[in-house]
file model-v5.cif (mmCIF, C-alpha atoms)
data_protein
loop_
_atom_site.label_atom_id
_atom_site.label_comp_id
_atom_site.auth_asym_id
_atom_site.auth_seq_id
_atom_site.Cartn_x
_atom_site.Cartn_y
_atom_site.Cartn_z
CA MET A 1 -7.91 -15.95 -62.58
CA SER A 2 -10.72 -14.14 -60.78
CA THR A 3 -12.01 -17.45 -59.34
CA ASP A 4 -8.61 -18.28 -57.86
CA VAL A 5 -8.39 -14.88 -56.22
CA ALA A 6 -11.86 -15.16 -54.82
CA ASP A 7 -11.21 -18.64 -53.44
CA ALA A 8 -7.93 -17.64 -51.76
CA PRO A 9 -8.13 -17.90 -47.94
CA ILE A 10 -8.24 -14.64 -46.03
CA ALA A 11 -5.97 -14.40 -42.97
CA SER A 12 -8.11 -13.92 -39.91
CA PRO A 13 -6.92 -11.36 -37.37
CA LEU A 14 -5.82 -12.51 -33.97
CA SER A 15 -8.52 -12.68 -31.33
CA PRO A 16 -8.29 -10.07 -28.55
CA MET A 17 -7.39 -12.74 -25.99
CA THR A 18 -4.60 -14.16 -28.19
CA ALA A 19 -3.22 -10.67 -28.82
CA LYS A 20 -3.20 -9.95 -25.09
CA ARG A 21 -1.38 -13.19 -24.33
CA ARG A 22 1.20 -12.51 -27.02
CA ASP A 23 1.74 -8.98 -25.75
CA LEU A 24 2.15 -10.26 -22.17
CA ALA A 25 4.59 -12.94 -23.31
CA LEU A 26 6.67 -10.36 -25.16
CA ARG A 27 6.68 -8.02 -22.15
CA ILE A 28 8.06 -10.84 -20.01
CA ALA A 29 10.38 -12.50 -22.52
CA VAL A 30 12.13 -9.41 -23.92
CA PRO A 31 13.47 -8.06 -20.57
CA PHE A 32 14.57 -11.54 -19.46
CA ALA A 33 16.30 -12.14 -22.80
CA THR A 34 18.09 -8.79 -22.49
CA LEU A 35 19.25 -9.61 -18.96
CA ALA A 36 20.40 -13.07 -20.07
CA ILE A 37 22.48 -11.56 -22.88
CA LEU A 38 24.07 -9.06 -20.50
CA VAL A 39 24.94 -11.83 -18.02
CA ILE A 40 26.47 -13.92 -20.81
CA VAL A 41 28.54 -10.96 -21.99
CA TRP A 42 29.63 -10.31 -18.40
CA GLY A 43 30.68 -13.94 -17.92
CA LEU A 44 32.55 -14.07 -21.23
CA TYR A 45 34.40 -10.85 -20.44
CA VAL A 46 35.51 -12.13 -17.02
CA LYS A 47 36.61 -15.46 -18.50
CA LEU A 48 38.42 -14.10 -21.56
CA SER A 49 40.05 -11.08 -19.93
CA GLY A 50 41.34 -13.01 -16.93
CA VAL A 51 40.37 -10.25 -14.50
CA ALA A 52 40.92 -11.15 -10.85
CA PRO A 53 37.81 -12.26 -8.89
CA TYR A 54 38.45 -9.63 -6.22
CA ILE A 55 38.18 -6.98 -8.95
CA LEU A 56 35.23 -8.31 -10.93
CA PRO A 57 33.74 -11.71 -10.06
CA GLY A 58 31.89 -13.72 -12.65
CA PRO A 59 28.18 -14.53 -12.56
CA GLY A 60 28.95 -18.00 -11.15
CA ALA A 61 30.89 -16.58 -8.21
CA VAL A 62 28.09 -14.10 -7.45
CA ALA A 63 25.49 -16.87 -7.62
CA SER A 64 27.57 -19.00 -5.24
CA ALA A 65 27.89 -16.09 -2.79
CA PHE A 66 24.15 -15.49 -3.07
CA VAL A 67 23.49 -19.09 -1.99
CA ASN A 68 26.31 -19.58 0.50
CA ASP A 69 25.83 -16.22 2.27
CA TRP A 70 22.03 -16.39 2.31
CA GLY A 71 22.00 -16.89 6.06
CA THR A 72 23.86 -13.60 6.50
CA LEU A 73 22.20 -11.56 3.77
CA ALA A 74 18.57 -12.62 4.24
CA PRO A 75 18.13 -11.08 7.74
CA ALA A 76 19.74 -7.87 6.48
CA LEU A 77 17.36 -7.87 3.51
CA TRP A 78 14.41 -8.21 5.89
CA VAL A 79 15.62 -5.26 7.99
CA THR A 80 15.97 -3.04 4.90
CA THR A 81 12.58 -4.19 3.60
CA LYS A 82 10.86 -3.38 6.90
CA ILE A 83 12.37 0.11 7.05
CA THR A 84 11.42 0.77 3.42
CA ILE A 85 7.82 -0.40 3.75
CA MET A 86 7.20 1.34 7.08
CA SER A 87 8.69 4.61 5.85
CA LEU A 88 6.62 4.42 2.66
CA LEU A 89 3.40 3.81 4.61
CA LEU A 90 4.18 6.74 6.90
CA ALA A 91 4.98 8.90 3.87
CA LEU A 92 1.66 7.96 2.28
CA ILE A 93 -0.31 8.85 5.39
CA GLY A 94 1.65 12.02 6.06
CA GLY A 95 1.82 13.15 2.44
CA VAL A 96 -1.88 12.72 1.74
CA GLY A 97 -2.91 14.23 5.08
CA PHE A 98 -0.61 17.23 4.73
CA ALA A 99 -1.71 17.76 1.10
CA ILE A 100 -5.37 17.88 2.16
CA PHE A 101 -4.40 20.36 4.87
CA LEU A 102 -2.50 22.58 2.42
CA VAL A 103 -5.27 22.88 -0.19
CA GLN A 104 -7.83 24.09 2.34
CA SER A 105 -6.53 27.64 2.05
CA ARG A 106 -4.03 29.48 -0.12
CA TRP A 107 -2.57 31.14 2.98
CA ILE A 108 -2.02 27.74 4.59
CA GLU A 109 -0.19 26.58 1.45
CA ILE A 110 1.96 29.73 1.36
CA ALA A 111 2.84 29.34 5.04
CA PHE A 112 3.61 25.62 5.25
CA TYR A 113 4.57 24.35 1.79
CA PRO A 114 8.03 26.00 1.89
CA LEU A 115 8.82 23.97 5.02
CA ALA A 116 8.27 20.76 3.07
CA VAL A 117 10.46 22.09 0.27
CA ILE A 118 13.26 22.87 2.73
CA LEU A 119 13.13 19.33 4.11
CA GLN A 120 13.26 17.95 0.57
CA VAL A 121 16.19 20.01 -0.74
CA THR A 122 18.30 19.50 2.38
CA PRO A 123 20.56 16.46 1.81
CA ILE A 124 19.54 13.63 4.09
CA VAL A 125 23.20 12.85 4.76
CA ALA A 126 23.59 16.34 6.22
CA ILE A 127 20.73 16.07 8.70
CA SER A 128 21.12 12.38 9.57
CA PRO A 129 23.65 13.13 12.39
CA LEU A 130 21.04 15.32 14.09
CA ILE A 131 18.37 12.67 13.63
CA LEU A 132 20.71 10.08 15.14
CA ILE A 133 21.25 12.32 18.17
CA TYR A 134 17.58 12.98 18.89
CA ALA A 135 16.03 9.67 17.80
CA PRO A 136 15.52 7.10 20.57
CA SER A 137 17.20 4.33 18.54
CA THR A 138 19.10 3.79 15.32
CA GLN A 139 16.18 1.97 13.70
CA VAL A 140 13.90 4.93 14.41
CA ALA A 141 16.51 7.28 12.96
CA LEU A 142 16.70 5.20 9.78
CA LEU A 143 12.92 5.21 9.56
CA ILE A 144 12.77 9.00 9.91
CA CYS A 145 15.43 9.50 7.24
CA ALA A 146 13.64 7.24 4.77
CA PHE A 147 10.31 8.90 5.57
CA LEU A 148 11.65 12.40 4.88
CA VAL A 149 12.89 11.40 1.43
CA ALA A 150 9.72 9.55 0.39
CA PHE A 151 7.36 12.14 1.86
CA PHE A 152 7.82 15.05 -0.57
CA PRO A 153 7.08 13.30 -3.91
CA ILE A 154 3.80 12.00 -2.50
CA LEU A 155 2.95 15.41 -1.04
CA SER A 156 3.76 17.38 -4.20
CA ASN A 157 1.89 15.00 -6.51
CA MET A 158 -1.12 14.92 -4.21
CA VAL A 159 -1.25 18.71 -3.93
CA GLN A 160 -1.04 18.99 -7.72
CA GLY A 161 -3.83 16.45 -8.11
CA LEU A 162 -6.13 18.15 -5.62
CA LYS A 163 -5.57 21.50 -7.36
CA SER A 164 -6.12 20.11 -10.87
CA VAL A 165 -9.82 19.32 -10.49
CA ASP A 166 -12.05 20.76 -13.20
CA HIS A 167 -13.47 24.03 -11.88
CA ASN A 168 -16.74 23.40 -13.71
CA LEU A 169 -17.24 20.26 -11.63
CA ILE A 170 -16.42 22.18 -8.45
CA ASN A 171 -19.02 24.80 -9.43
CA LEU A 172 -21.52 22.00 -10.07
CA PHE A 173 -20.95 20.58 -6.59
CA GLU A 174 -21.39 24.04 -5.10
CA LEU A 175 -24.59 24.51 -7.11
CA TYR A 176 -26.05 21.36 -5.57
CA GLY A 177 -25.08 22.48 -2.08
CA ALA A 178 -22.24 20.03 -1.42
CA SER A 179 -20.15 20.79 1.62
CA ARG A 180 -16.37 21.25 1.48
CA TRP A 181 -15.79 17.74 2.82
CA GLN A 182 -18.28 16.20 0.38
CA THR A 183 -16.49 17.94 -2.48
CA LEU A 184 -13.18 16.65 -1.17
CA LEU A 185 -14.41 13.10 -0.67
CA TYR A 186 -16.45 12.61 -3.84
CA LEU A 187 -14.67 14.87 -6.33
CA LYS A 188 -11.15 16.00 -5.41
CA LEU A 189 -9.77 12.77 -3.97
CA PRO A 190 -10.96 10.57 -6.89
CA ALA A 191 -9.66 13.15 -9.38
CA ALA A 192 -6.28 13.22 -7.62
CA GLN A 193 -5.91 9.43 -7.67
CA PRO A 194 -3.66 9.30 -10.79
CA TYR A 195 -1.33 11.88 -9.24
CA PHE A 196 -1.28 9.91 -6.00
CA MET A 197 -0.33 6.74 -7.86
CA THR A 198 2.54 8.55 -9.54
CA GLY A 199 3.77 9.73 -6.16
CA LEU A 200 3.41 6.19 -4.82
CA ARG A 201 5.67 4.74 -7.52
CA ILE A 202 8.28 7.47 -7.05
CA GLY A 203 8.11 7.32 -3.26
CA GLY A 204 8.56 3.53 -3.20
CA GLY A 205 11.90 3.72 -4.98
CA LEU A 206 13.06 6.73 -3.00
CA ALA A 207 12.17 5.05 0.31
CA LEU A 208 14.51 2.17 -0.52
CA ILE A 209 17.31 4.51 -1.61
CA ALA A 210 16.87 6.60 1.53
CA ALA A 211 16.89 3.53 3.78
CA VAL A 212 20.25 2.45 2.32
CA VAL A 213 21.77 5.95 2.37
CA ALA A 214 20.58 6.53 5.93
CA GLU A 215 22.21 3.30 7.07
CA PHE A 216 25.45 4.35 5.38
CA ALA A 217 25.29 7.67 7.23
CA ALA A 218 24.34 6.07 10.54
CA GLY A 219 27.10 3.49 10.36
CA SER A 220 24.87 0.94 12.09
CA ALA A 221 26.30 -2.54 12.56
CA GLY A 222 25.53 -5.80 14.25
CA ALA A 223 22.84 -8.41 13.96
CA GLY A 224 20.04 -5.89 13.38
CA SER A 225 21.74 -4.09 10.51
CA GLY A 226 20.48 -3.94 6.94
CA LEU A 227 21.98 -4.59 3.55
CA ALA A 228 23.92 -1.31 3.56
CA PHE A 229 26.13 -2.56 6.39
CA ARG A 230 26.61 -5.88 4.60
CA LEU A 231 27.77 -3.96 1.55
CA LEU A 232 30.34 -2.06 3.60
CA GLU A 233 31.39 -5.20 5.42
CA ALA A 234 31.96 -7.03 2.12
CA GLN A 235 33.94 -4.07 0.81
CA TYR A 236 36.22 -3.91 3.86
CA ARG A 237 36.85 -7.67 3.68
CA MET A 238 37.36 -7.56 -0.11
CA ASN A 239 34.59 -10.13 -0.44
CA ILE A 240 33.46 -8.78 -3.80
CA PRO A 241 31.15 -11.71 -4.70
CA ARG A 242 29.16 -11.09 -1.49
CA LEU A 243 29.09 -7.36 -2.31
CA PHE A 244 27.62 -8.14 -5.73
CA ALA A 245 25.14 -10.54 -4.14
CA ALA A 246 23.98 -7.81 -1.73
CA LEU A 247 23.65 -5.38 -4.64
CA LEU A 248 21.60 -7.99 -6.49
CA MET A 249 19.30 -8.29 -3.48
CA LEU A 250 18.81 -4.52 -3.36
CA SER A 251 18.08 -4.42 -7.08
CA LEU A 252 15.53 -7.23 -6.81
CA LEU A 253 13.90 -5.50 -3.85
CA GLY A 254 13.66 -2.27 -5.83
CA VAL A 255 12.17 -4.08 -8.82
CA ALA A 256 9.65 -5.82 -6.54
CA ILE A 257 8.60 -2.51 -4.97
CA PHE A 258 8.20 -0.89 -8.39
CA ALA A 259 6.23 -3.88 -9.69
CA ILE A 260 3.88 -3.88 -6.69
CA THR A 261 3.26 -0.12 -6.81
CA SER A 262 2.75 -0.27 -10.59
CA PHE A 263 0.26 -3.12 -10.17
CA ILE A 264 -1.63 -1.15 -7.51
CA SER A 265 -1.71 1.83 -9.87
CA TRP A 266 -2.98 -0.28 -12.75
CA LEU A 267 -5.56 -1.97 -10.53
CA SER A 268 -7.05 1.36 -9.48
CA LEU A 269 -6.86 3.19 -12.83
CA HIS A 270 -7.20 0.67 -15.67
CA ARG A 271 -11.01 0.78 -15.77
CA TRP A 272 -11.46 4.53 -16.10
CA HIS A 273 -8.33 6.65 -16.49
CA GLU A 274 -6.90 7.55 -19.90
CA SER A 275 -3.33 6.69 -18.89
CA SER A 276 -4.24 3.02 -18.33
CA LEU A 277 -6.96 2.39 -20.91
CA LYS A 278 -6.13 0.10 -23.82
CA ARG A 279 -6.50 1.73 -27.25
CA GLU A 280 -7.11 0.01 -30.56
CA ASN A 281 -4.78 2.33 -32.52
#
call {"tool": "encode", "arguments": {"input": "model-v5.cif", "output": "structure tokens"}}
result
Amino acid sequence: MSTDVADAPIASPLSPMTAKRRDLALRIAVPFATLAILVIVWGLYVKLSGVAPYILPGPGAVASAFVNDWGTLAPALWVTTKITIMSLLLALIGGVGFAIFLVQSRWIEIAFYPLAVILQVTPIVAISPLILIYAPSTQVALLICAFLVAFFPILSNMVQGLKSVDHNLINLFELYGASRWQTLLYLKLPAAQPYFMTGLRIGGGLALIAAVVAEFAAGSAGAGSGLAFRLLEAQYRMNIPRLFAALLMLSLLGVAIFAITSFISWLSLHRWHESSLKREN
């Protein structure tokens, strides 16, 4: 009996590389399987309930509209993408620069931070008419609207990060005679990087939402319009499959922005920050 037990093979644990591949496969397969099930349920409901296509089109009708109306929807997608990316880049530059300015003095923060809060809490739909009046063009107005929405999350996260540096490290830098700019460059900015990455992910999604909402408010139309106008156009014409196709494009664009910003965050943090380090337990 004891010999049989001793001779029994022992299951070897998975190698780290195999475990990583399995984890990656599950991360990819599970969301796609969930989406596939939802699409199947959607298609079965449309087919079995007999709902009219102008009320709720099936997945096949939406896919056909996606292909057939690509020539109309693709330029609009590019316009919305350009506005989103440009507004996010401006928000990154402005948010980081203004955050560095605010943390230089408590009186500067008390004087200027409330202005940023006022811009954030004021609905963009309410101030978009003024922006449309004073902006030189509709595209610039849309860019300003998207910038204002994406700006505050980056600013607030960056300010919090710059103010969350360990005071013992600041005292150490002062002890070694580091200047204010050396402390900012070599201590505060690296320490604030996780907060900045959080603001980047939030700001990316908000920039897209703001670009669409701003176009709704502006009522822009024509060849240079974005996906928001195509949504309204499809609604007015009762072309519901095209409307769903435009919504699908917006969703895919939002997922792509989130994936890119998350990858940038992982790329910059996975080697040293606790939030991205792999743990054994």
call {"tool": "resolve_selection", "arguments": {"input": "model-v5.cif", "expression": "the PyMOL selection byres ((chain A and resi 95-109) around 7)", "output": "ChimeraX atom specification"}}
result
/A:91-94,110-113,151-152,154-155,158-159
call {"tool": "atom_distance", "arguments": {"input": "model-v5.cif", "atom1": "CA of Val125 in chain A", "atom2": "CA of Ile144 in chain A"}}
result
12.3 Å
call {"tool": "resolve_selection", "arguments": {"input": "model-v5.cif", "expression": "the PyMOL selection byres ((chain A and resi 149) around 7)", "output": "PyMOL selection string"}}
result
chain A and resi 120+145-148+150-152+206-207+210
call {"tool": "closest_residue", "arguments": {"input": "model-v5.cif", "among": "A:Leu243, A:Leu184, A:Ala259, A:Leu267", "to": "Asp69 in chain A", "atoms": "only C-alpha atoms"}}
result
A:Leu243
call {"tool": "resolve_selection", "arguments": {"input": "model-v5.cif", "expression": "the PyMOL selection byres ((chain A and resi 246) around 8)", "output": "PyMOL selection string"}}
result
chain A and resi 66+73+227+230-231+242-245+247-250
call {"tool": "atom_distance", "arguments": {"input": "model-v5.cif", "atom1": "CA of Gly60 in chain A", "atom2": "CA of Thr72 in chain A"}}
result
18.9 Å
call {"tool": "residues_around", "arguments": {"input": "model-v5.cif", "residues": "Ala126 in chain A", "least_positions_apart": "5", "cutoff": "12 Å", "atoms": "only C-alpha atoms", "output": "PyMOL selection string"}}
result
chain A and resi 119-121+131-132+145+213-214+217-218
call {"tool": "residues_around", "arguments": {"input": "model-v5.cif", "residues": "Met197 in chain A", "least_positions_apart": "2", "cutoff": "12 Å", "atoms": "all atoms listed in the file", "output": "mmCIF file with C-alpha atoms, in the coordinates of the input"}}
result
data_model
loop_
_atom_site.group_PDB
_atom_site.id
_atom_site.type_symbol
_atom_site.label_atom_id
_atom_site.label_comp_id
_atom_site.auth_asym_id
_atom_site.auth_seq_id
_atom_site.Cartn_x
_atom_site.Cartn_y
_atom_site.Cartn_z
ATOM 1 C CA LEU A 92 1.660 7.960 2.280
ATOM 2 C CA VAL A 96 -1.880 12.720 1.740
ATOM 3 C CA PRO A 153 7.080 13.300 -3.910
ATOM 4 C CA ILE A 154 3.800 12.000 -2.500
ATOM 5 C CA LEU A 155 2.950 15.410 -1.040
ATOM 6 C CA SER A 156 3.760 17.380 -4.200
ATOM 7 C CA ASN A 157 1.890 15.000 -6.510
ATOM 8 C CA MET A 158 -1.120 14.920 -4.210
ATOM 9 C CA GLY A 161 -3.830 16.450 -8.110
ATOM 10 C CA LEU A 189 -9.770 12.770 -3.970
ATOM 11 C CA PRO A 190 -10.960 10.570 -6.890
ATOM 12 C CA ALA A 191 -9.660 13.150 -9.380
ATOM 13 C CA ALA A 192 -6.280 13.220 -7.620
ATOM 14 C CA GLN A 193 -5.910 9.430 -7.670
ATOM 15 C CA PRO A 194 -3.660 9.300 -10.790
ATOM 16 C CA TYR A 195 -1.330 11.880 -9.240
ATOM 17 C CA GLY A 199 3.770 9.730 -6.160
ATOM 18 C CA LEU A 200 3.410 6.190 -4.820
ATOM 19 C CA ARG A 201 5.670 4.740 -7.520
ATOM 20 C CA ILE A 202 8.280 7.470 -7.050
ATOM 21 C CA GLY A 203 8.110 7.320 -3.260
ATOM 22 C CA GLY A 204 8.560 3.530 -3.200
ATOM 23 C CA PHE A 258 8.200 -0.890 -8.390
ATOM 24 C CA ILE A 260 3.880 -3.880 -6.690
ATOM 25 C CA THR A 261 3.260 -0.120 -6.810
ATOM 26 C CA SER A 262 2.750 -0.270 -10.590
ATOM 27 C CA PHE A 263 0.260 -3.120 -10.170
ATOM 28 C CA ILE A 264 -1.630 -1.150 -7.510
ATOM 29 C CA SER A 265 -1.710 1.830 -9.870
ATOM 30 C CA TRP A 266 -2.980 -0.280 -12.750
ATOM 31 C CA LEU A 267 -5.560 -1.970 -10.530
ATOM 32 C CA SER A 268 -7.050 1.360 -9.480
ATOM 33 C CA LEU A 269 -6.860 3.190 -12.830
ATOM 34 C CA HIS A 273 -8.330 6.650 -16.490
ATOM 35 C CA SER A 275 -3.330 6.690 -18.890
ATOM 36 C CA SER A 276 -4.240 3.020 -18.330
#
call {"tool": "decode", "arguments": {"input": "model-v5.cif", "residues": "range 255-268 of chain A", "atoms": "N, CA, C and O atoms", "output": "mmCIF file, in the first residue's frame"}}
result
data_model
loop_
_atom_site.group_PDB
_atom_site.id
_atom_site.type_symbol
_atom_site.label_atom_id
_atom_site.label_comp_id
_atom_site.auth_asym_id
_atom_site.auth_seq_id
_atom_site.Cartn_x
_atom_site.Cartn_y
_atom_site.Cartn_z
ATOM 1 N N VAL A 255 -14.221 51.891 -26.518
ATOM 2 C CA VAL A 255 -13.453 50.736 -26.041
ATOM 3 C C VAL A 255 -11.999 50.845 -26.478
ATOM 4 O O VAL A 255 -11.070 50.539 -25.707
ATOM 5 N N ALA A 256 -11.770 51.310 -27.716
ATOM 6 C CA ALA A 256 -10.397 51.449 -28.211
ATOM 7 C C ALA A 256 -9.635 52.504 -27.400
ATOM 8 O O ALA A 256 -8.463 52.288 -27.045
ATOM 9 N N ILE A 257 -10.292 53.615 -27.093
ATOM 10 C CA ILE A 257 -9.632 54.656 -26.297
ATOM 11 C C ILE A 257 -9.299 54.134 -24.905
ATOM 12 O O ILE A 257 -8.187 54.346 -24.383
ATOM 13 N N PHE A 258 -10.247 53.428 -24.296
ATOM 14 C CA PHE A 258 -9.993 52.876 -22.958
ATOM 15 C C PHE A 258 -8.872 51.847 -23.000
ATOM 16 O O PHE A 258 -8.020 51.800 -22.104
ATOM 17 N N ALA A 259 -8.854 51.004 -24.032
ATOM 18 C CA ALA A 259 -7.808 49.987 -24.139
ATOM 19 C C ALA A 259 -6.437 50.629 -24.321
ATOM 20 O O ALA A 259 -5.450 50.199 -23.700
ATOM 21 N N ILE A 260 -6.359 51.669 -25.151
ATOM 22 C CA ILE A 260 -5.070 52.323 -25.397
ATOM 23 C C ILE A 260 -4.574 53.022 -24.139
ATOM 24 O O ILE A 260 -3.400 52.894 -23.763
ATOM 25 N N THR A 261 -5.453 53.757 -23.460
ATOM 26 C CA THR A 261 -5.044 54.451 -22.239
ATOM 27 C C THR A 261 -4.690 53.452 -21.132
ATOM 28 O O THR A 261 -3.751 53.685 -20.361
ATOM 29 N N SER A 262 -5.409 52.337 -21.049
ATOM 30 C CA SER A 262 -5.078 51.317 -20.052
ATOM 31 C C SER A 262 -3.728 50.673 -20.357
ATOM 32 O O SER A 262 -2.941 50.389 -19.445
ATOM 33 N N PHE A 263 -3.453 50.452 -21.643
ATOM 34 C CA PHE A 263 -2.159 49.878 -22.017
ATOM 35 C C PHE A 263 -1.017 50.851 -21.694
ATOM 36 O O PHE A 263 0.037 50.442 -21.209
ATOM 37 N N ILE A 264 -1.235 52.134 -21.963
ATOM 38 C CA ILE A 264 -0.213 53.130 -21.625
ATOM 39 C C ILE A 264 0.023 53.146 -20.122
ATOM 40 O O ILE A 264 1.168 53.219 -19.647
ATOM 41 N N SER A 265 -1.060 53.058 -19.345
ATOM 42 C CA SER A 265 -0.928 53.027 -17.890
ATOM 43 C C SER A 265 -0.152 51.791 -17.434
ATOM 44 O O SER A 265 0.752 51.883 -16.598
ATOM 45 N N TRP A 266 -0.506 50.638 -17.984
ATOM 46 C CA TRP A 266 0.208 49.413 -17.615
ATOM 47 C C TRP A 266 1.665 49.486 -18.016
ATOM 48 O O TRP A 266 2.560 49.061 -17.263
ATOM 49 N N LEU A 267 1.940 50.038 -19.190
ATOM 50 C CA LEU A 267 3.303 50.105 -19.695
ATOM 51 C C LEU A 267 4.188 50.948 -18.784
ATOM 52 O O LEU A 267 5.375 50.655 -18.600
ATOM 53 N N SER A 268 3.618 51.996 -18.202
ATOM 54 C CA SER A 268 4.417 52.895 -17.377
ATOM 55 C C SER A 268 4.470 52.482 -15.902
ATOM 56 O O SER A 268 5.351 52.945 -15.172
#
